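Input: a single structure, listed below in structure tokens.
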2 protein chains.
Amino acid sequence: MRWWGWGEDGHDHPVPPAAEAMLARLCGMGSERRDAVPIERVTLPEPRLAASARELLAEIVGAGNLRDDRLARVTHAVGKSYPDLIRIRSGDGAGAPDAVVYPAGHDEVAAVLAACSAEGVAVVPFGGGTSVVGGVEALRGTHEAVIAVDLARVEGLVATDATALTATVRAGTTGPALERMLCQHGLMLGHLPQSFEFSTVGGWIAARSAGQASTGYGRVDERLIGLRCATPAGTLVARPVPASAAGPDLRQLVLGSEGALGVVTEATLAVSRVPAIQRFEGYALGSFAEGVDVLRRLEQAGAAPDVCRLSDEPETAFGIAAIGAAWMRHAFRGYLGARGVRAPCLAIFGFDGSERSVRRRSRRVRALLRRAGAVPLGERPGRQWAKSRFTTPYLRDELVTRGMLVDTLETATTWDRLDRLRGAVEAALRESLGARGTPPYVMCHVSHLYGSGASLYFTYFARQDAGAELEQWRAAKAAASAAIVAGGGTITHHHGIGVDHAPWLAAEAGELWVEVLRAAKRRLDPAGIMNPGKLIAVEAPEAGSAPG
Amino acid sequence: MRWWGWGEDGHDHPVPPAAEAMLARLCGMGSERRDAVPIERVTLPEPRLAASARELLAEIVGAGNLRDDRLARVTHAVGKSYPDLIRIRSGDGAGAPDAVVYPAGHDEVAAVLAACSAEGVAVVPFGGGTSVVGGVEALRGTHEAVIAVDLARVEGLVATDATALTATVRAGTTGPALERMLCQHGLMLGHLPQSFEFSTVGGWIAARSAGQASTGYGRVDERLIGLRCATPAGTLVARPVPASAAGPDLRQLVLGSEGALGVVTEATLAVSRVPAIQRFEGYALGSFAEGVDVLRRLEQAGAAPDVCRLSDEPETAFGIAAIGAAWMRHAFRGYLGARGVRAPCLAIFGFDGSERSVRRRSRRVRALLRRAGAVPLGERPGRQWAKSRFTTPYLRDELVTRGMLVDTLETATTWDRLDRLRGAVEAALRESLGARGTPPYVMCHVSHLYGSGASLYFTYFARQDAGAELEQWRAAKAAASAAIVAGGGTITHHHGIGVDHAPWLAAEAGELWVEVLRAAKRRLDPAGIMNPGKLIAVEAPEAGSAPG
């Protein structure tokens with residue numbers, strides 16, 4: 001991945017002209033470009049890894065697998081959040097680790113953690129480096145030195161079982177590598193976060209990833225049946241059993257622990273057989289509220305497709321502009337115009353399965369959608385979405401270059417609160433950004449359904465407040481987060497806590513729960529070396545003692 | 001509930017003659033009866049609750065809601081496991097609490113815990129008192145006195161939401177009370193453990209209950225979306241959100257915590273609409289292995305009914321004897337006899353839903369079963385099972401009176417290991433009990449399906465080793481537990497840990513995980529008053545310091 005943005009060079013996504021016109025009109029997007037500084041101009045902190053610690057680590061992983069050159073340090077300095085990009089593009093490499101080590105497997109990871117614990121070196125576990133909440137920035141906490149532990153070499157399939165439909169896989173395996181290997185056994189996981197191309201199994205587990213097809217395939221929490229996690233105090237092993245009542249679930253302490261307790265090195269996942277066919281269907285709905293009602297009915301009737309997405313009016317309009325789909329505009333006019341609908345909402349459904357089961361399920365969906373007055377749009381919108389499902393972050397790079405603030409926010413709440421919460425978050429963003437003279441374009445979609453509720457995913461654009469980019473973002477983020485907490489949402493449905501949401505964890509789950517996490521951390525990481533400042537603050541605000 | 005057995009007086013279930021003949025022939029069951037001693041002859045420990053603590057507690061709950069009479073103490077002395085019954089029936093009331101308090105709601109529970117924490121009084125949370133793993137015996141740990149906190153008054157529905165399909169309910173509400181109240185709103189939970197008539201919502205959560213319809217309705221873990229839990233250090237609150245990535249899931253620390261961390265006082269659960277119809281269908285299969293294969297296919301195809309049960313050959317034979325169903329014996333003969341099958345396996349499927357959806361789903365099941373050579377038995381076996389689904393524990397009382405050891409064991413493992421594990425556990429029981437000259441009758445069923453595996457539920461009968469009843473049971477339990485751990489099963493799929501499985505928790509999840517639980521307990525329960533000796537031992541074997 002390139003150090004200043006998403007993905008690899010040569011995969012750029014220019015802003016489509018219609019979208020450009022829209023953002024110029026609504027947010028005042030200009031035409032000037034501001035590229036990232038050259039890598040040589042990124043300011044890096046003086047490396048502070050003691051020679052003795054360096055030697056110890058090189059001995060464990062092999063000299064060639066310890067890197068402290070500029071490129072290694074810069075590419076491990078930040079994740080891929082908007083504030084991360086703003087800082088690194090401008091040459092601020094303060095978050096760079098002193099070194100990056102690449103252990104070869106569980107035992108080397110465990111040895112690295114033991115060595116760092118003994119030497120007082122902070123450790124940032126690094127999978128794909130795609131965190132958008134500050135999860136991989138190399139903070140030192142109270143320690144002199146900090147290293148990134150990159151899991152790139154801890155990869156590959158360990159075993160599959162076609163009867164139990166399970167696969168055991170090493171944690172550094174990326175999405176595409178995993179699906180390629182499973183495919184050779186006729187299996188698939190079907191876990192497709194937007195970061196799929198680069199993120200890893202261990203990262204999914206550490207951040208409790210949902211995946212775009214979570215409605216059908218389940219969140220990673222629901223697919224994880226066994227794991228191995230190295231901690232400074234030893235290894236946690238959850239045996240692969242389908243369900244248990246043997247006390248609180250160990251897997252659930254590791255899920256969402258974001259490298260603050262240990263490093264997941266191996267996981268056993270419930271997998272599926274590769275479906276015979278995959279089909280998408282698009283529909284236009286008269287309003288977001290109507291669409292939400294349809295999604296709820298589908299899910300509660302057990303009839304929800306594997307992929308379910310509903311864009312609100314602004315996201316539908318932007319989507320049409322971004323893909324330049326004149327045919328879709330035309331498709332909307334007739335029937336919806338007659339109903340007085342000027343701004344429709346696009347719903348996309350994806351079905352995986354046998355020819356027969358897909359036919360049966362999509363027939364049921366169609367009947368329900370028709371009763372809700374939806375206009376069928378055929379397979380094109382879904383196919384278009386599927387083709388570009390991983391490209392939005394590339395587009396973001398281009399927009400940031402063009403002086404735009406682009407960020408995403410997500411939450412989940414119960415069905416009864418969903419539409420109200422959407423309005424509250426939108427208003428909060430509008431107020432915060434409008435007050436600076438940088439009015440935003442805010443759009444939203446629902447993409448993960450549950451019996452009791454669903455997720456909300458917001459994307460917003462605004463002109464950068466030049467010279468105060470981070471303050472502008474921070475104010476908008478705080479306003480949206482406050483609206484989420486006040487509206488009964490979770491502070492994050494699938495991005496995780498990292499640094500950005502850490503102040504909000506106690507608001508959601510209570511200070512006592514944070515204290516329990518801290519107690520668990522003290523037991524597993526007595527020296528407090530694991531990803532300091534992520535998930536839970538290093539110091540308890542009310543207790544005087546730092547862990548370790 | 002009566003103090004010496006299951007349920008209420010007047011609901012006795014005499015042993016059916018055919019079952020009696022079977023047990024006499026196979027296990028040497030005799031005809032003599034040994035009833036429980038009269039309650040006056042139960043030996044109770046001298047009450048040790050200090051007058052000051054007693055006064056404090058009476059002040060919190062009201063004098064009438066603190067009881068230390070004989071009946072109150074005896075009914076809270078043990079749960080409903082076989083060793084519990086053996087002890088209490090013989091007059092051993094060593095497990096009785098010094099007093100029982102009945103707080104009225106969350107605040108009173110919290111105040112009771114604070115008072116007990118300050119006074120050093122151990123607390124045993126008590127819901128229905130139906131634990132079969134020693135979860136409610138009033139152990140003192142390192143404390144002088146111990147009380148039971150009975151949740152009977154913390155009951156009732158707080159709120160329902162027909163859009164989000166959620167219900168908020170107080171933790172002491174029993175199964176029938178909950179379903180009755182939900183029914184008035186057209187809703188139901190569908191959580192039906194065998195203890196349903198007496199067990200409570202809080203107990204289900206504390207012990208991670210599965211419920212007989214877990215294949216369709218999900219385990220209680222999957223239904224819990226919000227909770228309130230009083231601990232000595234304060235209250236844990238999980239906001240009701242459908243899903244989150246905000247760090248490790250707080251709900252999952254409380255699920256399975258068995259009163260060792262705190263007392264669940266309120267829960268928000270995902271509920272369902274009351275189905276229009278409920279239908280059962282029975283099938284006879286040629287062997288257990290064939291049946292397991294069918295269940296696996298159904299579950300992995302997403303076609304599993306809400307209730308799925310498969311009895312092995314011995315359980316099918318015993319079931320026919322117990323219900324005296326001559327018609328079923330006849331039904332088996334023709335087709336299965338022709339296939340050379342002498343001992344069939346009974347499968348029961350239950351479908352909830354609309355007339356149409358039940359028809360569609362059962363058609364799919366029928367097609368798959370027919371391909372597996374199963375013989376359809378119509379609705380009768382399922383209806384019979386549903387009618388008597390909660391009665392087995394009554395039958396146990398009668399058998400214990402008749403000098404029989406009757407116990408159940410359960411586990412879960414991946415599909416590939418299921419049949420092998422069943423054989424290993426059966427062999428372990430046979431060997432342990434056979435060595436004493438009390439050969440057992442062991443039977444097993446599968447009743448909870450997951451994509452990657454299923455549960456195994458064993459029932460076994462043997463003649464009591466008179467004078468050494470507990471040693472006999474302990475040896476059999478240890479042998480079966482060792483076989484379960486060695487065979488890749490979980491030590492408990494839905495009964496919980498309590499006292500009986502506590503020695504096996506580390507074997508399953510590792511000593512480090514037990515240490516993490518201990519650290520969490522120290523934070524929430526610094527004085528170590530919560531249900532000492534349950535889930536985790538009071539003292540760390542390798543650390544010298546007791547909690548608190």
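Identifiers in this document derive from the order of the structure tokens: chains are assigned A, B, ..., residues are numbered from 1 separately in each chain, and ligands are numbered from 1 in order of occurrence.
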Would you mind listing what lies within 6 Å of range 265-281 of chain B as an MDAnalysis selection string, with only C-alpha atoms counted and same-chain residues fewer than 5 positions away left out? chainID B and resid 106 165:171 186:189 223:229 348:354 378:379 382
Step one, run DSSP on the backbone; step two, keep only residues of range 195-270 of chain A assigned to strand (DSSP E or B); then write them as a ChimeraX atom specification. /A:200,224-231,234-238,263-270
Which residues are close to Ala478 in chain B, i.e. within 10 Å by only C-alpha atoms, leaving aside same-chain residues fewer than 3 positions away? Reply as a CSV table (one decimal) with C-alpha atoms, in the first residue's frame.
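Once written, selection.csv looks like this:
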chain,number,residue,atom,x,y,z
B,428,ALA,CA,-16.2,-43.9,29.6
B,429,LEU,CA,-19.5,-44.1,31.5
B,432,SER,CA,-16.5,-46.4,35.2
B,473,TRP,CA,-21.4,-40.4,40.6
B,474,ARG,CA,-18.1,-38.5,40.9
B,475,ALA,CA,-16.1,-41.3,39.3
B,481,SER,CA,-15.5,-35.2,31.5
B,482,ALA,CA,-12.0,-36.6,30.6
B,483,ALA,CA,-13.5,-38.2,27.5
B,484,ILE,CA,-15.2,-35.0,26.5
B,500,ASP,CA,-19.1,-29.6,39.1
B,501,HIS,CA,-17.3,-28.4,35.9
B,503,PRO,CA,-12.0,-28.2,37.6
B,504,TRP,CA,-12.4,-28.6,33.9
Within 12 Å of Ala506 in chain A, counting only C-alpha atoms, which residues qualify if same-chain residues fewer than 2 places away don't, as a ChimeraX atom specification? /A:485,490-491,497,501-504,508-517,535-537,540-541 /B:236-239,246-247,250
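Shortest separation to Pro248 in chain A among B:Gly203, B:Gly489, B:Gly218, B:Gly496 occurs at residue B:Gly496, atoms counted being only C-alpha atoms.
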